[in-house]
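Engineer: Right, I'll just put the structure down here and ask away after.
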Amino acid sequence: MQIVNPNGPNPFPPPPIKPGAPPTKPLGSSPGLLTSTGGLYGVNGALLTPVFNSITGKSNILIMDANNFDCEEDGEYDFPQEIPPREQPQEGRDVTCHLVILKYRELGYARFAVNLTTYKRLTDSFVTVQYLVNIPPIPLKTRMRKQSFPDKEIHTLYIPIQVVGERPQASITRSGKSGPMSITSLTICGNADQTPQM
């Protein structure tokens, strides 16, 4: 450990700036978009987003609290229409889904729905199966470890959903102010027919 006199010369000066290069500056408390963690994260800052209303022709600035994961409005997030393995196209094949693996960061009490929609060729219709999720999924007093809630760690939830059809698509729907939510990944598990039904 070395103590540096703030009034003396800096023993670790920054590298010289090349002519024509923009000066570098630390990010400081600027919020950043962290898609791998399933949401926005900011430290002592606000996210300002310019928006344009094409009907009224007016521009506005939205201020978002990047530390608040509890949306005030109803919301929906749709995942791609596919199921692993992605090397084999699923178009025209019936898929039997039996499990959804959901990973989330525990931020507090939350309630939302995981939906799985498939296409039925015989009736030319879509069928949706819904599973309601409560965080925490089990009562706090029956938890295995003595820990605080929320622990802000990533947890895994195995959701048993039985559905058969083509082009399975997962979605998450939630009501406004239903609790902070941060989904880090969602995986559909199932089997596809070996030959297309076309």
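In the structure tokens, chains take letters A, B, ... by order of appearance, with residues numbered from 1 within each chain and ligands from 1 in the order shown.
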List every residue of stretch 74-194 of chain A that DSSP, applied to the backbone, labels as strand (DSSP E or B), and write the result as a count of residues only.
Structural biologist: 68
Engineer: Determine, counting only C-alpha atoms, which protein, DNA and RNA residues have an atom within 8 Å of an atom of stretch 168-182 of chain A; residues of the same chain fewer than 2 positions away are not included. Present the result as number ranges by chain.
Structural biologist: A: 37-39, 68-83, 95, 104-119, 165-166, 184, 188
